[in-house]
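Participant: Before we start, here is the structure in question, set down as structure tokens.
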Amino acid sequence: MVVGDESSVNDLWRTALGEIELSVGQANFAAWFKGTDLIDIQAGVVHIAVSNIFSKSQFEKKFNSLVLETLQKHRSDILSVRYVIKGSKPRKAASDTSPLMDAVRDHNSKKPSESPQRKTVSSGLNHRYTFNNFIVGSSNDLAYAACQAVAVNPGTKYNPLFLYGGVGLGKTHLAQAVGNEVVRKNPSAKVLYINSETFVNEFLDSIRFKKKGFSTKYREVDVLIVDDMQFIAGKEKTQEEFFHTFNALHQSNKQLIITSDKPPKNIPTLTERMRSRFEWGMTIDIQLPDFETRCAILDTKASESGVSVGRETIEYLANNIKTNIRELEGALNQLLAFAEMRNIEPDLQTAAGLLGNSRATRPSHLTPKQVVDRTAKHFQIEVTDIKSPKRDKYIVVPRQIAMYLLRSELHLSFPRIAGELGRKDHTTAIHSVEKIEKAIKLDFIIREQVAEIKEKLYV
């Protein structure tokens, strides 16, 4: 039996898709959700049509929780979601006149613990983000260990926990993994995940429309997770409200977890008292994933999709996408979808063709001169200065970064690197590369500078 007319069903799915796009991002939304249709709702089961068997698998394994929770926000009678390939017919639910179904429905209606509405009392957490499916490497092992420690004893260790790093490096995954683990161990725990934009908007609404309960909502939780804190900078009244919320929770030994793309000291227009409080507990950097971690991420994601991808193909993707895990996963998804639609193996040749098409502007051959020129331009100094014997700090650091990039991007030998920078002794190149490698792990500014130059090298 279809619940509601066709128009209301279509409106429901359009509304849900609008919210889902904000959660998964434009790339994932375009790859998986565009072209899907909500066919009908039978006995609380939503049937959604997808394009092929691979899409069906992705929705069942990766997106089902998100889709179900989003739909349940708007329809309390929805119990589950089933995915069917376009052209096939969904299995019909038992008839309303079935005594067995009547008995089941009557029994379920008397069990408040299984009420769909109770399930939708949302913490904002995405249940797909767990410690089990987070790939640990040298770039994030400290953050991973700290998050596990917080999950065991929230509010007593590393409070607040401040995670920072570039886009797509796993900050949100780790922060939500803490929340999910806390709830798993203690189902009665009150965990709330929001992004800073939500906090800002709700605070403004509470002032504009005189809504009550705003402070209570945020100050009566056991764990508060705030994502993308950098967006609260510059908003003085909002910062003041969050300051009081922070103090109330911290004083009550409630856990705060905050993420940002910058450390507290580098967030512009953040008030000094907020900055000092963010640095009270543990501030941890999540760095760019190394080659082995990128390979492990690709291996895991391919396995989750039920597809075997050869090692050389995995290494090709890992070698060509170095700065963003989301971009890395997007390239893998594109490869798997392309291979599935054409009924071919996702091999190296196919990956090279797809990646080459998507990166037509990437230079086919990067030269040492391009690296040195780009580094000099970034720091607004002359190439002759980088190659000169000058020891001024404003020249030495760019010179060391240029040497590091010649080693990491072009894999040049140390004698060759020394020669490119006008040095006779290759031990200078060894020292420079080692110094920048250490600085990248400890100094946010150096790491950001190196990342920006890398990006410009491949544009």
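Within each chain, counting starts at residue 1; across the structure tokens, chains are named A, B, ... in the order shown, with ligands numbered 1 upward in that order.
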Which residues are near Pro263 of chain A? Cut-off 9 Å, only C-alpha atoms, ignore same chain within fewer than 6 positions. Put them as an MDAnalysis selection string.

Facilitator: chainID A and resid 162:165 279 283:285 444

Participant: For those residues, write N, CA and C atoms to a file as a compact mmCIF listing (two decimals), in the first residue's frame.

Facilitator:
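Output below, filename part.txt:
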```txt
# COMPACT_ATOMS: atom_id res chain seq x y z
N PHE A 162 41.10 19.55 20.84
CA PHE A 162 41.03 20.42 19.66
C PHE A 162 41.80 19.76 18.52
N LEU A 163 41.08 19.35 17.47
CA LEU A 163 41.70 18.72 16.30
C LEU A 163 41.74 19.71 15.15
N TYR A 164 42.89 19.85 14.52
CA TYR A 164 42.95 20.76 13.38
C TYR A 164 43.76 20.16 12.25
N GLY A 165 43.48 20.62 11.05
CA GLY A 165 44.16 20.13 9.86
C GLY A 165 43.39 20.56 8.62
N GLU A 279 43.07 26.09 24.10
CA GLU A 279 44.40 25.52 24.30
C GLU A 279 44.57 24.92 25.69
N THR A 283 45.71 20.00 22.00
CA THR A 283 45.57 20.50 20.63
C THR A 283 46.42 19.63 19.72
N ILE A 284 45.77 18.98 18.75
CA ILE A 284 46.47 17.99 17.92
C ILE A 284 46.24 18.27 16.45
N ASP A 285 47.30 18.13 15.71
CA ASP A 285 47.29 18.36 14.27
C ASP A 285 47.09 17.04 13.53
N PHE A 444 52.59 24.43 11.86
CA PHE A 444 51.43 24.55 10.98
C PHE A 444 51.73 25.49 9.81
```

Participant: Within 12 Å of segment 6-30 of chain A, which residues of segment 249-336 of chain A show up? Give each one with its shortest atom-to-atom distance in Å (one decimal) and the two atoms involved, counting only C-alpha atoms, rows by chain then rising residue number, as JSON lines.

Facilitator:
```
{"residue": "A:Arg326", "atom": "CA", "partner": "A:Ala27", "partner_atom": "CA", "distance": 9.3}
{"residue": "A:Glu327", "atom": "CA", "partner": "A:Ala27", "partner_atom": "CA", "distance": 9.1}
{"residue": "A:Leu328", "atom": "CA", "partner": "A:Ala27", "partner_atom": "CA", "distance": 11.9}
{"residue": "A:Glu329", "atom": "CA", "partner": "A:Asn28", "partner_atom": "CA", "distance": 9.6}
{"residue": "A:Gly330", "atom": "CA", "partner": "A:Asn28", "partner_atom": "CA", "distance": 7.3}
{"residue": "A:Ala331", "atom": "CA", "partner": "A:Ala27", "partner_atom": "CA", "distance": 10.3}
{"residue": "A:Leu332", "atom": "CA", "partner": "A:Asn28", "partner_atom": "CA", "distance": 11.6}
{"residue": "A:Asn333", "atom": "CA", "partner": "A:Asn28", "partner_atom": "CA", "distance": 8.9}
{"residue": "A:Gln334", "atom": "CA", "partner": "A:Asn28", "partner_atom": "CA", "distance": 9.9}
```

Participant: DSSP on the backbone: which residues in segment 340-459 of chain A end up as alpha helix (DSSP H)? Give the answer as a ChimeraX atom specification.

Facilitator: /A:340-341,348-358,368-378,383-386,393-410,414-420,427-442,444-457

Participant: Could you check the closest approach to Glu434 of chain A for each of A:Arg407, A:Glu420, A:Tyr83, A:Met229 and tell me which residue wins, using only C-alpha atoms?

Facilitator: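 The closest residue to Glu434 of chain A is A:Arg407.
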
Participant: Fewer than 2 positions away in the same chain doesn't count, so skip those; otherwise give me all residues within 9 Å of Leu406 of chain A, counting only C-alpha atoms, as a list in words.

Facilitator: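 Residues meeting the cut-off are Thr367, Pro368, Val371, Val372, Ile401, Ala402, Met403, Tyr404, Ser408, Glu409, Leu410, His411, Leu412, Ser413 and Ile417 of chain A.
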
Participant: Quick one: write out the picked residues with N, CA and C atoms as a compact mmCIF listing (two decimals), in the first residue's frame?

Facilitator:
```txt
# COMPACT_ATOMS: atom_id res chain seq x y z
N THR A 367 59.54 20.04 -13.80
CA THR A 367 60.99 20.21 -13.86
C THR A 367 61.50 20.86 -12.58
N PRO A 368 62.80 20.67 -12.26
CA PRO A 368 63.38 21.34 -11.09
C PRO A 368 63.25 22.85 -11.17
N VAL A 371 59.89 23.99 -9.94
CA VAL A 371 59.78 23.90 -8.48
C VAL A 371 60.46 25.11 -7.83
N VAL A 372 61.66 25.42 -8.27
CA VAL A 372 62.41 26.53 -7.68
C VAL A 372 61.71 27.86 -8.00
N ILE A 401 62.74 24.73 1.72
CA ILE A 401 61.48 24.19 1.21
C ILE A 401 61.64 23.76 -0.25
N ALA A 402 62.36 24.55 -1.04
CA ALA A 402 62.60 24.18 -2.43
C ALA A 402 63.35 22.85 -2.51
N MET A 403 64.34 22.66 -1.64
CA MET A 403 65.09 21.40 -1.61
C MET A 403 64.18 20.24 -1.22
N TYR A 404 63.33 20.49 -0.23
CA TYR A 404 62.39 19.45 0.20
C TYR A 404 61.46 19.03 -0.94
N SER A 408 60.84 15.44 -2.53
CA SER A 408 59.55 14.75 -2.34
C SER A 408 58.75 14.63 -3.63
N GLU A 409 58.84 15.64 -4.50
CA GLU A 409 58.02 15.63 -5.71
C GLU A 409 58.74 15.04 -6.92
N LEU A 410 60.04 15.28 -7.01
CA LEU A 410 60.78 14.80 -8.19
C LEU A 410 61.74 13.66 -7.87
N HIS A 411 61.90 13.38 -6.55
CA HIS A 411 62.76 12.27 -6.11
C HIS A 411 64.19 12.42 -6.63
N LEU A 412 64.68 13.65 -6.65
CA LEU A 412 66.05 13.88 -7.10
C LEU A 412 67.04 13.42 -6.03
N SER A 413 68.24 13.08 -6.47
CA SER A 413 69.30 12.72 -5.53
C SER A 413 69.76 13.98 -4.79
N ILE A 417 70.05 17.84 -6.07
CA ILE A 417 69.31 18.94 -5.41
C ILE A 417 70.27 20.07 -5.06
```

Participant: Write out as a PDB file with C-alpha atoms, in the first residue's frame the residues lying within 12 Å of Arg342 of chain A, counting only C-alpha atoms and excluding same-chain residues fewer than 6 positions away.

Facilitator:
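Once written, part_37.pdb looks like this:
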```pdb
ATOM      1  CA  ASN A  52      22.676  -0.127 -11.113  1.00  0.00           C
ATOM      2  CA  PHE A  54      26.987  -1.007  -7.836  1.00  0.00           C
ATOM      3  CA  LEU A 335      36.959   4.332 -11.224  1.00  0.00           C
ATOM      4  CA  LEU A 336      34.706   1.663  -9.684  1.00  0.00           C
ATOM      5  CA  THR A 350      41.408   2.634 -16.827  1.00  0.00           C
TER       6      THR A 350
END
```

Participant: Which neighbours of Leu66 of chain A fall inside 9 Å, counting only C-alpha atoms, when residues of the same chain fewer than 3 positions from it are skipped, and could you give them as an MDAnalysis selection string?

Facilitator: chainID A and resid 20 23 62:63 69:71 126:128

Participant: Produce a file of the selected residues containing C-alpha atoms, as a compact mmCIF listing (two decimals), in the first residue's frame.

Facilitator:
```
# COMPACT_ATOMS: atom_id res chain seq x y z
CA ILE A 20 21.62 14.98 2.06
CA SER A 23 25.97 16.22 4.35
CA LYS A 62 27.59 3.56 2.91
CA PHE A 63 24.53 5.80 2.76
CA GLU A 69 17.63 9.27 9.42
CA THR A 70 16.91 12.08 6.96
CA LEU A 71 13.59 10.56 5.89
CA ASN A 126 26.65 9.93 11.63
CA HIS A 127 26.80 6.30 12.77
CA ARG A 128 29.10 5.40 9.88
```

Participant: Can you pull out the residues contacting segment 174-191 of chain A? Cut-off 8 Å, using only C-alpha atoms, and skip same-chain residues under 3 positions away; I want them as a ChimeraX atom specification.

Facilitator: /A:123,125-127,129-131,134,144,147-148,150-152,154,170-171,220-225,257-259

Participant: Which neighbours of Lys235 of chain A fall inside 12 Å, counting only C-alpha atoms, when residues of the same chain fewer than 2 positions from it are skipped, and could you give them as a ChimeraX atom specification?

Facilitator: /A:196-197,199-201,203-204,229-233,237-243,268-271

Participant: Which value, in Å to one decimal, gives the distance between atom CA of Arg374 of chain A and atom CA of Leu405 of chain A?

Facilitator: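 Atom CA of Leu405 of chain A lies at a distance of 10.6 Å from atom CA of Arg374 of chain A.
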
Participant: So how far away is atom CA of Ala302 of chain A from atom CA of Asp347 of chain A, in Å?

Facilitator: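 These two atoms are separated by 12.6 Å.
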
Participant: Would you list, as a ChimeraX atom specification, the residues of segment 207-442 of chain A that end up in strand (DSSP E) under DSSP run on this structure's backbone?

Facilitator: /A:223-227,255-260,282-285

Participant: May I ask for the distance between atom CA of Arg294 of chain A and atom CA of Ala318 of chain A, given in Å to one decimal place?

Facilitator: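 Straight-line distance from atom CA of Arg294 of chain A to atom CA of Ala318 of chain A works out to 5.5 Å.
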